[in-house]
>>> print(open('my_file.pdb').read())   # PDB, N, CA and C atoms
ATOM      1  N   MET A   1    -140.002-113.955 -96.633
ATOM      2  CA  MET A   1    -139.038-112.901 -96.401
ATOM      3  C   MET A   1    -138.597-112.359 -97.755
ATOM      4  N   LEU A   2    -138.389-111.037 -97.809
ATOM      5  CA  LEU A   2    -137.855-110.412 -99.004
ATOM      6  C   LEU A   2    -136.409-109.991 -98.746
ATOM      7  N   ILE A   3    -135.585-110.169 -99.760
ATOM      8  CA  ILE A   3    -134.211-109.696 -99.719
ATOM      9  C   ILE A   3    -134.061-108.662-100.822
ATOM     10  N   VAL A   4    -133.526-107.507-100.457
ATOM     11  CA  VAL A   4    -133.320-106.421-101.406
ATOM     12  C   VAL A   4    -131.825-106.171-101.537
ATOM     13  N   LEU A   5    -131.359-106.118-102.778
ATOM     14  CA  LEU A   5    -129.987-105.722-103.077
ATOM     15  C   LEU A   5    -130.078-104.442-103.887
ATOM     16  N   ALA A   6    -129.573-103.353-103.329
ATOM     17  CA  ALA A   6    -129.608-102.064-104.017
ATOM     18  C   ALA A   6    -128.170-101.622-104.264
ATOM     19  N   LYS A   7    -127.750-101.718-105.526
ATOM     20  CA  LYS A   7    -126.385-101.361-105.914
ATOM     21  C   LYS A   7    -126.359 -99.898-106.345
ATOM     22  N   VAL A   8    -125.577 -99.099-105.625
ATOM     23  CA  VAL A   8    -125.456 -97.678-105.905
ATOM     24  C   VAL A   8    -124.072 -97.427-106.503
ATOM     25  N   THR A   9    -124.042 -96.791-107.659
ATOM     26  CA  THR A   9    -122.781 -96.372-108.263
ATOM     27  C   THR A   9    -122.709 -94.855-108.135
ATOM     28  N   SER A  10    -121.719 -94.398-107.386
ATOM     29  CA  SER A  10    -121.591 -92.959-107.150
ATOM     30  C   SER A  10    -120.850 -92.291-108.295
ATOM     31  N   LYS A  11    -121.051 -90.996-108.392
ATOM     32  CA  LYS A  11    -120.210 -90.199-109.274
ATOM     33  C   LYS A  11    -118.829 -90.149-108.635
ATOM     34  N   ASP A  12    -117.801 -89.869-109.436
ATOM     35  CA  ASP A  12    -116.432 -89.835-108.923
ATOM     36  C   ASP A  12    -116.325 -88.907-107.716
ATOM     37  N   GLY A  13    -115.731 -89.437-106.633
ATOM     38  CA  GLY A  13    -115.490 -88.658-105.436
ATOM     39  C   GLY A  13    -116.687 -88.456-104.524
ATOM     40  N   MET A  14    -117.821 -89.067-104.841
ATOM     41  CA  MET A  14    -119.047 -88.836-104.065
ATOM     42  C   MET A  14    -119.429 -89.995-103.138
ATOM     43  N   LYS A  15    -118.674 -91.085-103.180
ATOM     44  CA  LYS A  15    -119.052 -92.271-102.398
ATOM     45  C   LYS A  15    -119.141 -91.970-100.904
ATOM     46  N   ASN A  16    -118.178 -91.267-100.351
ATOM     47  CA  ASN A  16    -118.203 -90.978 -98.912
ATOM     48  C   ASN A  16    -119.370 -90.086 -98.528
ATOM     49  N   GLU A  17    -119.786 -89.197 -99.411
ATOM     50  CA  GLU A  17    -120.961 -88.372 -99.133
ATOM     51  C   GLU A  17    -122.219 -89.232 -99.061
ATOM     52  N   ILE A  18    -122.317 -90.228 -99.932
ATOM     53  CA  ILE A  18    -123.461 -91.140 -99.896
ATOM     54  C   ILE A  18    -123.450 -91.933 -98.589
ATOM     55  N   ILE A  19    -122.278 -92.396 -98.191
ATOM     56  CA  ILE A  19    -122.155 -93.136 -96.928
ATOM     57  C   ILE A  19    -122.611 -92.265 -95.757
ATOM     58  N   ASN A  20    -122.183 -91.026 -95.734
ATOM     59  CA  ASN A  20    -122.585 -90.117 -94.653
ATOM     60  C   ASN A  20    -124.093 -89.894 -94.641
ATOM     61  N   GLU A  21    -124.694 -89.738 -95.799
ATOM     62  CA  GLU A  21    -126.149 -89.564 -95.895
ATOM     63  C   GLU A  21    -126.878 -90.823 -95.430
ATOM     64  N   ALA A  22    -126.263 -91.992 -95.640
ATOM     65  CA  ALA A  22    -126.910 -93.271 -95.330
ATOM     66  C   ALA A  22    -126.954 -93.581 -93.841
ATOM     67  N   LYS A  23    -126.104 -92.958 -93.041
ATOM     68  CA  LYS A  23    -126.021 -93.311 -91.619
ATOM     69  C   LYS A  23    -127.354 -93.158 -90.891
ATOM     70  N   SER A  24    -128.015 -92.034 -91.044
ATOM     71  CA  SER A  24    -129.298 -91.862 -90.348
ATOM     72  C   SER A  24    -130.387 -92.711 -90.998
ATOM     73  N   LEU A  25    -130.323 -92.893 -92.312
ATOM     74  CA  LEU A  25    -131.282 -93.778 -92.993
ATOM     75  C   LEU A  25    -131.225 -95.176 -92.400
ATOM     76  N   ILE A  26    -130.035 -95.689 -92.221
ATOM     77  CA  ILE A  26    -129.871 -97.048 -91.697
ATOM     78  C   ILE A  26    -130.453 -97.160 -90.293
ATOM     79  N   ASP A  27    -130.109 -96.216 -89.426
ATOM     80  CA  ASP A  27    -130.628 -96.256 -88.055
ATOM     81  C   ASP A  27    -132.153 -96.181 -88.030
ATOM     82  N   ASP A  28    -132.718 -95.251 -88.793
ATOM     83  CA  ASP A  28    -134.173 -95.096 -88.815
ATOM     84  C   ASP A  28    -134.862 -96.309 -89.429
ATOM     85  N   THR A  29    -134.268 -96.869 -90.463
ATOM     86  CA  THR A  29    -134.879 -98.021 -91.131
ATOM     87  C   THR A  29    -134.863 -99.253 -90.250
ATOM     88  N   ARG A  30    -133.790 -99.462 -89.527
ATOM     89  CA  ARG A  30    -133.711-100.628 -88.636
ATOM     90  C   ARG A  30    -134.798-100.606 -87.576
ATOM     91  N   ALA A  31    -135.323 -99.429 -87.264
ATOM     92  CA  ALA A  31    -136.393 -99.296 -86.270
ATOM     93  C   ALA A  31    -137.782 -99.511 -86.867
ATOM     94  N   GLU A  32    -137.871 -99.634 -88.179
ATOM     95  CA  GLU A  32    -139.172 -99.810 -88.828
ATOM     96  C   GLU A  32    -139.732-101.208 -88.571
ATOM     97  N   LYS A  33    -141.035-101.259 -88.454
ATOM     98  CA  LYS A  33    -141.725-102.538 -88.310
ATOM     99  C   LYS A  33    -141.494-103.359 -89.579
ATOM    100  N   GLY A  34    -141.148-104.618 -89.405
ATOM    101  CA  GLY A  34    -140.960-105.529 -90.534
ATOM    102  C   GLY A  34    -139.556-105.576 -91.077
ATOM    103  N   CYS A  35    -138.674-104.709 -90.563
ATOM    104  CA  CYS A  35    -137.279-104.721 -91.008
ATOM    105  C   CYS A  35    -136.515-105.773 -90.201
ATOM    106  N   ILE A  36    -135.990-106.753 -90.891
ATOM    107  CA  ILE A  36    -135.203-107.793 -90.237
ATOM    108  C   ILE A  36    -133.738-107.375 -90.158
ATOM    109  N   ASP A  37    -133.236-106.801 -91.251
ATOM    110  CA  ASP A  37    -131.835-106.399 -91.316
ATOM    111  C   ASP A  37    -131.684-105.348 -92.413
ATOM    112  N   TYR A  38    -130.760-104.404 -92.223
ATOM    113  CA  TYR A  38    -130.566-103.317 -93.184
ATOM    114  C   TYR A  38    -129.131-102.832 -93.048
ATOM    115  N   ASN A  39    -128.319-103.087 -94.063
ATOM    116  CA  ASN A  39    -126.893-102.759 -93.999
ATOM    117  C   ASN A  39    -126.403-102.148 -95.294
ATOM    118  N   LEU A  40    -125.317-101.402 -95.197
ATOM    119  CA  LEU A  40    -124.645-100.837 -96.359
ATOM    120  C   LEU A  40    -123.224-101.370 -96.389
ATOM    121  N   TYR A  41    -122.818-101.904 -97.539
ATOM    122  CA  TYR A  41    -121.487-102.479 -97.690
ATOM    123  C   TYR A  41    -120.703-101.725 -98.754
ATOM    124  N   ASP A  42    -119.413-101.644 -98.529
ATOM    125  CA  ASP A  42    -118.488-101.013 -99.461
ATOM    126  C   ASP A  42    -117.623-102.133-100.048
ATOM    127  N   PRO A  43    -118.018-102.666-101.203
ATOM    128  CA  PRO A  43    -117.277-103.788-101.788
ATOM    129  C   PRO A  43    -115.830-103.410-102.131
ATOM    130  N   ILE A  44    -114.964-104.381-102.068
ATOM    131  CA  ILE A  44    -113.558-104.174-102.409
ATOM    132  C   ILE A  44    -113.420-103.832-103.890
ATOM    133  N   VAL A  45    -114.206-104.470-104.714
ATOM    134  CA  VAL A  45    -114.162-104.243-106.156
ATOM    135  C   VAL A  45    -115.116-103.106-106.501
ATOM    136  N   GLY A  46    -114.679-102.202-107.342
ATOM    137  CA  GLY A  46    -115.548-101.109-107.773
ATOM    138  C   GLY A  46    -115.445 -99.917-106.858
ATOM    139  N   GLU A  47    -114.540 -99.002-107.158
ATOM    140  CA  GLU A  47    -114.271 -97.895-106.240
ATOM    141  C   GLU A  47    -115.452 -96.957-106.046
ATOM    142  N   ASN A  48    -116.413 -96.958-106.948
ATOM    143  CA  ASN A  48    -117.581 -96.080-106.825
ATOM    144  C   ASN A  48    -118.854 -96.844-106.484
ATOM    145  N   THR A  49    -118.713 -98.069-106.002
ATOM    146  CA  THR A  49    -119.868 -98.934-105.776
ATOM    147  C   THR A  49    -120.151 -99.131-104.291
ATOM    148  N   LEU A  50    -121.432 -99.072-103.932
ATOM    149  CA  LEU A  50    -121.916 -99.409-102.599
ATOM    150  C   LEU A  50    -123.073-100.379-102.755
ATOM    151  N   LEU A  51    -123.312-101.203-101.747
ATOM    152  CA  LEU A  51    -124.391-102.177-101.825
ATOM    153  C   LEU A  51    -125.205-102.186-100.533
ATOM    154  N   PHE A  52    -126.493-101.853-100.666
ATOM    155  CA  PHE A  52    -127.430-102.025 -99.555
ATOM    156  C   PHE A  52    -127.944-103.461 -99.609
ATOM    157  N   VAL A  53    -127.930-104.138 -98.462
ATOM    158  CA  VAL A  53    -128.497-105.476 -98.342
ATOM    159  C   VAL A  53    -129.568-105.391 -97.260
ATOM    160  N   GLU A  54    -130.798-105.692 -97.661
ATOM    161  CA  GLU A  54    -131.946-105.524 -96.772
ATOM    162  C   GLU A  54    -132.720-106.835 -96.663
ATOM    163  N   LYS A  55    -133.309-107.051 -95.495
ATOM    164  CA  LYS A  55    -134.215-108.183 -95.292
ATOM    165  C   LYS A  55    -135.500-107.641 -94.677
ATOM    166  N   TRP A  56    -136.629-108.009 -95.273
ATOM    167  CA  TRP A  56    -137.947-107.542 -94.824
ATOM    168  C   TRP A  56    -138.860-108.734 -94.588
ATOM    169  N   GLU A  57    -139.750-108.597 -93.609
ATOM    170  CA  GLU A  57    -140.705-109.664 -93.298
ATOM    171  C   GLU A  57    -141.693-109.904 -94.436
ATOM    172  N   GLY A  58    -141.979-108.887 -95.235
ATOM    173  CA  GLY A  58    -142.924-109.050 -96.344
ATOM    174  C   GLY A  58    -142.997-107.791 -97.197
ATOM    175  N   LYS A  59    -143.695-107.925 -98.308
ATOM    176  CA  LYS A  59    -143.809-106.852 -99.289
ATOM    177  C   LYS A  59    -144.427-105.586 -98.709
ATOM    178  N   GLU A  60    -145.427-105.735 -97.850
ATOM    179  CA  GLU A  60    -146.093-104.564 -97.285
ATOM    180  C   GLU A  60    -145.138-103.717 -96.452
ATOM    181  N   PHE A  61    -144.169-104.348 -95.783
ATOM    182  CA  PHE A  61    -143.203-103.608 -94.979
ATOM    183  C   PHE A  61    -142.202-102.864 -95.865
ATOM    184  N   LEU A  62    -141.779-103.507 -96.943
ATOM    185  CA  LEU A  62    -140.884-102.848 -97.894
ATOM    186  C   LEU A  62    -141.586-101.673 -98.563
ATOM    187  N   GLU A  63    -142.836-101.870 -98.958
ATOM    188  CA  GLU A  63    -143.595-100.780 -99.579
ATOM    189  C   GLU A  63    -143.765 -99.611 -98.609
ATOM    190  N   SER A  64    -143.996 -99.904 -97.350
ATOM    191  CA  SER A  64    -144.112 -98.863 -96.335
ATOM    192  C   SER A  64    -142.787 -98.104 -96.183
ATOM    193  N   HIS A  65    -141.685 -98.845 -96.193
ATOM    194  CA  HIS A  65    -140.354 -98.235 -96.072
ATOM    195  C   HIS A  65    -140.128 -97.191 -97.172
ATOM    196  N   LEU A  66    -140.537 -97.497 -98.377
ATOM    197  CA  LEU A  66    -140.320 -96.594 -99.513
ATOM    198  C   LEU A  66    -141.104 -95.293 -99.390
ATOM    199  N   LYS A  67    -142.074 -95.253 -98.466
ATOM    200  CA  LYS A  67    -142.897 -94.054 -98.260
ATOM    201  C   LYS A  67    -142.492 -93.265 -97.014
ATOM    202  N   GLN A  68    -141.513 -93.776 -96.274
ATOM    203  CA  GLN A  68    -141.092 -93.122 -95.032
ATOM    204  C   GLN A  68    -140.316 -91.839 -95.331
ATOM    205  N   ASP A  69    -140.487 -90.842 -94.477
ATOM    206  CA  ASP A  69    -139.803 -89.557 -94.665
ATOM    207  C   ASP A  69    -138.291 -89.714 -94.736
ATOM    208  N   HIS A  70    -137.712 -90.569 -93.877
ATOM    209  CA  HIS A  70    -136.252 -90.717 -93.880
ATOM    210  C   HIS A  70    -135.745 -91.341 -95.183
ATOM    211  N   PHE A  71    -136.537 -92.222 -95.792
ATOM    212  CA  PHE A  71    -136.130 -92.796 -97.074
ATOM    213  C   PHE A  71    -136.232 -91.754 -98.185
ATOM    214  N   ILE A  72    -137.327 -91.022 -98.209
ATOM    215  CA  ILE A  72    -137.527 -89.988 -99.234
ATOM    216  C   ILE A  72    -136.444 -88.916 -99.129
ATOM    217  N   LYS A  73    -136.096 -88.531 -97.900
ATOM    218  CA  LYS A  73    -135.040 -87.546 -97.682
ATOM    219  C   LYS A  73    -133.703 -88.071 -98.207
ATOM    220  N   PHE A  74    -133.373 -89.334 -97.921
ATOM    221  CA  PHE A  74    -132.127 -89.933 -98.394
ATOM    222  C   PHE A  74    -132.095 -89.992 -99.916
ATOM    223  N   GLU A  75    -133.175 -90.453-100.493
ATOM    224  CA  GLU A  75    -133.265 -90.577-101.947
ATOM    225  C   GLU A  75    -133.007 -89.216-102.618
ATOM    226  N   SER A  76    -133.585 -88.188-102.076
ATOM    227  CA  SER A  76    -133.404 -86.833-102.601
ATOM    228  C   SER A  76    -131.966 -86.353-102.406
ATOM    229  N   ALA A  77    -131.388 -86.647-101.249
ATOM    230  CA  ALA A  77    -130.038 -86.187-100.918
ATOM    231  C   ALA A  77    -128.969 -86.794-101.815
ATOM    232  N   ILE A  78    -129.182 -88.041-102.274
ATOM    233  CA  ILE A  78    -128.143 -88.698-103.084
ATOM    234  C   ILE A  78    -128.402 -88.602-104.585
ATOM    235  N   GLU A  79    -129.499 -88.012-104.971
ATOM    236  CA  GLU A  79    -129.862 -87.959-106.391
ATOM    237  C   GLU A  79    -128.732 -87.394-107.258
ATOM    238  N   ASP A  80    -128.106 -86.309-106.826
ATOM    239  CA  ASP A  80    -127.037 -85.693-107.612
ATOM    240  C   ASP A  80    -125.669 -86.315-107.356
ATOM    241  N   LEU A  81    -125.598 -87.267-106.436
ATOM    242  CA  LEU A  81    -124.329 -87.913-106.098
ATOM    243  C   LEU A  81    -124.140 -89.247-106.806
ATOM    244  N   THR A  82    -125.210 -89.757-107.408
ATOM    245  CA  THR A  82    -125.160 -91.100-108.001
ATOM    246  C   THR A  82    -125.151 -91.067-109.519
ATOM    247  N   LYS A  83    -124.494 -92.079-110.049
ATOM    248  CA  LYS A  83    -124.452 -92.290-111.485
ATOM    249  C   LYS A  83    -125.490 -93.334-111.890
ATOM    250  N   ASP A  84    -125.702 -94.330-110.994
ATOM    251  CA  ASP A  84    -126.618 -95.426-111.309
ATOM    252  C   ASP A  84    -127.125 -96.056-110.015
ATOM    253  N   LEU A  85    -128.340 -96.558-110.070
ATOM    254  CA  LEU A  85    -128.939 -97.292-108.951
ATOM    255  C   LEU A  85    -129.708 -98.466-109.531
ATOM    256  N   LYS A  86    -129.352 -99.668-109.093
ATOM    257  CA  LYS A  86    -130.040-100.876-109.553
ATOM    258  C   LYS A  86    -130.562-101.607-108.323
ATOM    259  N   ILE A  87    -131.877-101.813-108.285
ATOM    260  CA  ILE A  87    -132.509-102.475-107.144
ATOM    261  C   ILE A  87    -133.095-103.806-107.599
ATOM    262  N   SER A  88    -132.737-104.863-106.878
ATOM    263  CA  SER A  88    -133.272-106.195-107.131
ATOM    264  C   SER A  88    -133.945-106.688-105.858
ATOM    265  N   VAL A  89    -135.146-107.256-106.003
ATOM    266  CA  VAL A  89    -135.908-107.764-104.857
ATOM    267  C   VAL A  89    -136.162-109.246-105.079
ATOM    268  N   TYR A  90    -135.890-110.040-104.045
ATOM    269  CA  TYR A  90    -136.036-111.487-104.129
ATOM    270  C   TYR A  90    -136.922-111.990-102.990
ATOM    271  N   SER A  91    -137.758-112.944-103.303
ATOM    272  CA  SER A  91    -138.530-113.639-102.292
ATOM    273  C   SER A  91    -137.703-114.841-101.846
ATOM    274  N   SER A  92    -137.651-115.058-100.540
ATOM    275  CA  SER A  92    -136.755-116.078-100.017
ATOM    276  C   SER A  92    -137.330-116.728 -98.777
ATOM    277  N   GLU A  93    -136.825-117.885 -98.475
ATOM    278  CA  GLU A  93    -137.136-118.509 -97.190
ATOM    279  C   GLU A  93    -135.828-119.024 -96.609
ATOM    280  N   GLU A  94    -135.715-118.898 -95.303
ATOM    281  CA  GLU A  94    -134.493-119.343 -94.640
ATOM    282  C   GLU A  94    -134.519-120.855 -94.484
ATOM    283  N   ILE A  95    -133.364-121.472 -94.742
ATOM    284  CA  ILE A  95    -133.257-122.915 -94.590
ATOM    285  C   ILE A  95    -132.045-123.244 -93.717
ATOM    286  N   GLU A  96    -132.068-124.382 -93.115
ATOM    287  CA  GLU A  96    -130.937-124.866 -92.319
ATOM    288  C   GLU A  96    -129.990-125.625 -93.224
ATOM    289  N   LEU A  97    -128.703-125.434 -92.997
ATOM    290  CA  LEU A  97    -127.696-126.205 -93.746
ATOM    291  C   LEU A  97    -127.149-127.322 -92.908
TER     292      LEU A  97
END
>>> encode(input="my_file.pdb", output="structure tokens")
Amino acid sequence: MLIVLAKVTSKDGMKNEIINEAKSLIDDTRAEKGCIDYNLYDPIVGENTLLFVEKWEGKEFLESHLKQDHFIKFESAIEDLTKDLKISVYSSEEIEL
């Protein structure tokens, strides 16, 4: 399983616009093959920060996601709204505690 953390730093006053753009992205992405989970969080710390937390069955599904029309449309829509985007991808396995 892959876990993706995508930290988006918006320009001042643009965070809600990014959230609005993300709504259809989230719905469409959750329907993609290989998507286990896909969420957007608004952390308490950092007034211009948002965090996408994604879980994918494997690399091929994540790579496919990056080529989907809804992802490309979202990426284009937020380009002028963001100050920074940092994406980290981790390979993981679920364990019982």
>>> closest_residue(input="my_file.pdb", among="A:Gln68, A:Ser24, A:Thr29, A:Thr49", to="Lys7 in chain A", atoms="only C-alpha atoms")
A:Thr49
>>> select_by_dssp(input="my_file.pdb", residues="range 59-93 of chain A", states="alpha helix (DSSP H)", output="PyMOL selection string")
chain A and resi 59-65+69-78
>>> residues_around(input="my_file.pdb", residues="range 50-57 of chain A", least_positions_apart="3", cutoff="6 Å", atoms="only C-alpha atoms", output="MDAnalysis selection string")
chainID A and resid 1:8 34:42
>>> residues_around(input="my_file.pdb", residues="Phe74 in chain A", least_positions_apart="4", cutoff="8 Å", atoms="all atoms listed in the file", output="list of chain:residue names")
A:Glu21, A:Ala22, A:Leu25, A:Gln68, A:Asp69, A:His70, A:Ile78, A:Glu79
>>> resolve_selection(input="my_file.pdb", expression="the PyMOL selection byres ((chain A and resi 15) around 8)", output="list in words")
Thr9, Ser10, Lys11, Asp12, Gly13, Met14, Asn16, Glu17, Ile18, Ile19, Asn20, Glu21, Glu47, Asn48, Thr49, Leu50, Leu81 and Thr82 of chain A
>>> write_last_selection(input="my_file.pdb", atoms="N, CA and C atoms", output="short mmCIF file (atom, residue, chain, number, x, y, z; two decimals), keeping the file's coordinate frame")
data_model
loop_
_atom_site.label_atom_id
_atom_site.label_comp_id
_atom_site.auth_asym_id
_atom_site.auth_seq_id
_atom_site.Cartn_x
_atom_site.Cartn_y
_atom_site.Cartn_z
N THR A 9 -124.04 -96.79 -107.66
CA THR A 9 -122.78 -96.37 -108.26
C THR A 9 -122.71 -94.86 -108.14
N SER A 10 -121.72 -94.40 -107.39
CA SER A 10 -121.59 -92.96 -107.15
C SER A 10 -120.85 -92.29 -108.30
N LYS A 11 -121.05 -91.00 -108.39
CA LYS A 11 -120.21 -90.20 -109.27
C LYS A 11 -118.83 -90.15 -108.64
N ASP A 12 -117.80 -89.87 -109.44
CA ASP A 12 -116.43 -89.84 -108.92
C ASP A 12 -116.32 -88.91 -107.72
N GLY A 13 -115.73 -89.44 -106.63
CA GLY A 13 -115.49 -88.66 -105.44
C GLY A 13 -116.69 -88.46 -104.52
N MET A 14 -117.82 -89.07 -104.84
CA MET A 14 -119.05 -88.84 -104.06
C MET A 14 -119.43 -90.00 -103.14
N ASN A 16 -118.18 -91.27 -100.35
CA ASN A 16 -118.20 -90.98 -98.91
C ASN A 16 -119.37 -90.09 -98.53
N GLU A 17 -119.79 -89.20 -99.41
CA GLU A 17 -120.96 -88.37 -99.13
C GLU A 17 -122.22 -89.23 -99.06
N ILE A 18 -122.32 -90.23 -99.93
CA ILE A 18 -123.46 -91.14 -99.90
C ILE A 18 -123.45 -91.93 -98.59
N ILE A 19 -122.28 -92.40 -98.19
CA ILE A 19 -122.16 -93.14 -96.93
C ILE A 19 -122.61 -92.26 -95.76
N ASN A 20 -122.18 -91.03 -95.73
CA ASN A 20 -122.58 -90.12 -94.65
C ASN A 20 -124.09 -89.89 -94.64
N GLU A 21 -124.69 -89.74 -95.80
CA GLU A 21 -126.15 -89.56 -95.90
C GLU A 21 -126.88 -90.82 -95.43
N GLU A 47 -114.54 -99.00 -107.16
CA GLU A 47 -114.27 -97.90 -106.24
C GLU A 47 -115.45 -96.96 -106.05
N ASN A 48 -116.41 -96.96 -106.95
CA ASN A 48 -117.58 -96.08 -106.82
C ASN A 48 -118.85 -96.84 -106.48
N THR A 49 -118.71 -98.07 -106.00
CA THR A 49 -119.87 -98.93 -105.78
C THR A 49 -120.15 -99.13 -104.29
N LEU A 50 -121.43 -99.07 -103.93
CA LEU A 50 -121.92 -99.41 -102.60
C LEU A 50 -123.07 -100.38 -102.76
N LEU A 81 -125.60 -87.27 -106.44
CA LEU A 81 -124.33 -87.91 -106.10
C LEU A 81 -124.14 -89.25 -106.81
N THR A 82 -125.21 -89.76 -107.41
CA THR A 82 -125.16 -91.10 -108.00
C THR A 82 -125.15 -91.07 -109.52
#
>>> atom_distance(input="my_file.pdb", atom1="atom N of Glu60 in chain A", atom2="atom C of Glu93 in chain A")
16.4 Å
>>> axis_aligned_box(input="my_file.pdb", around="range 37-42 of chain A", padding_each_side="3 Å", output="JSON")
{"center_x": -125.4, "center_y": -103.8, "center_z": -95.6, "size_x": 21.6, "size_y": 12.0, "size_z": 14.8}
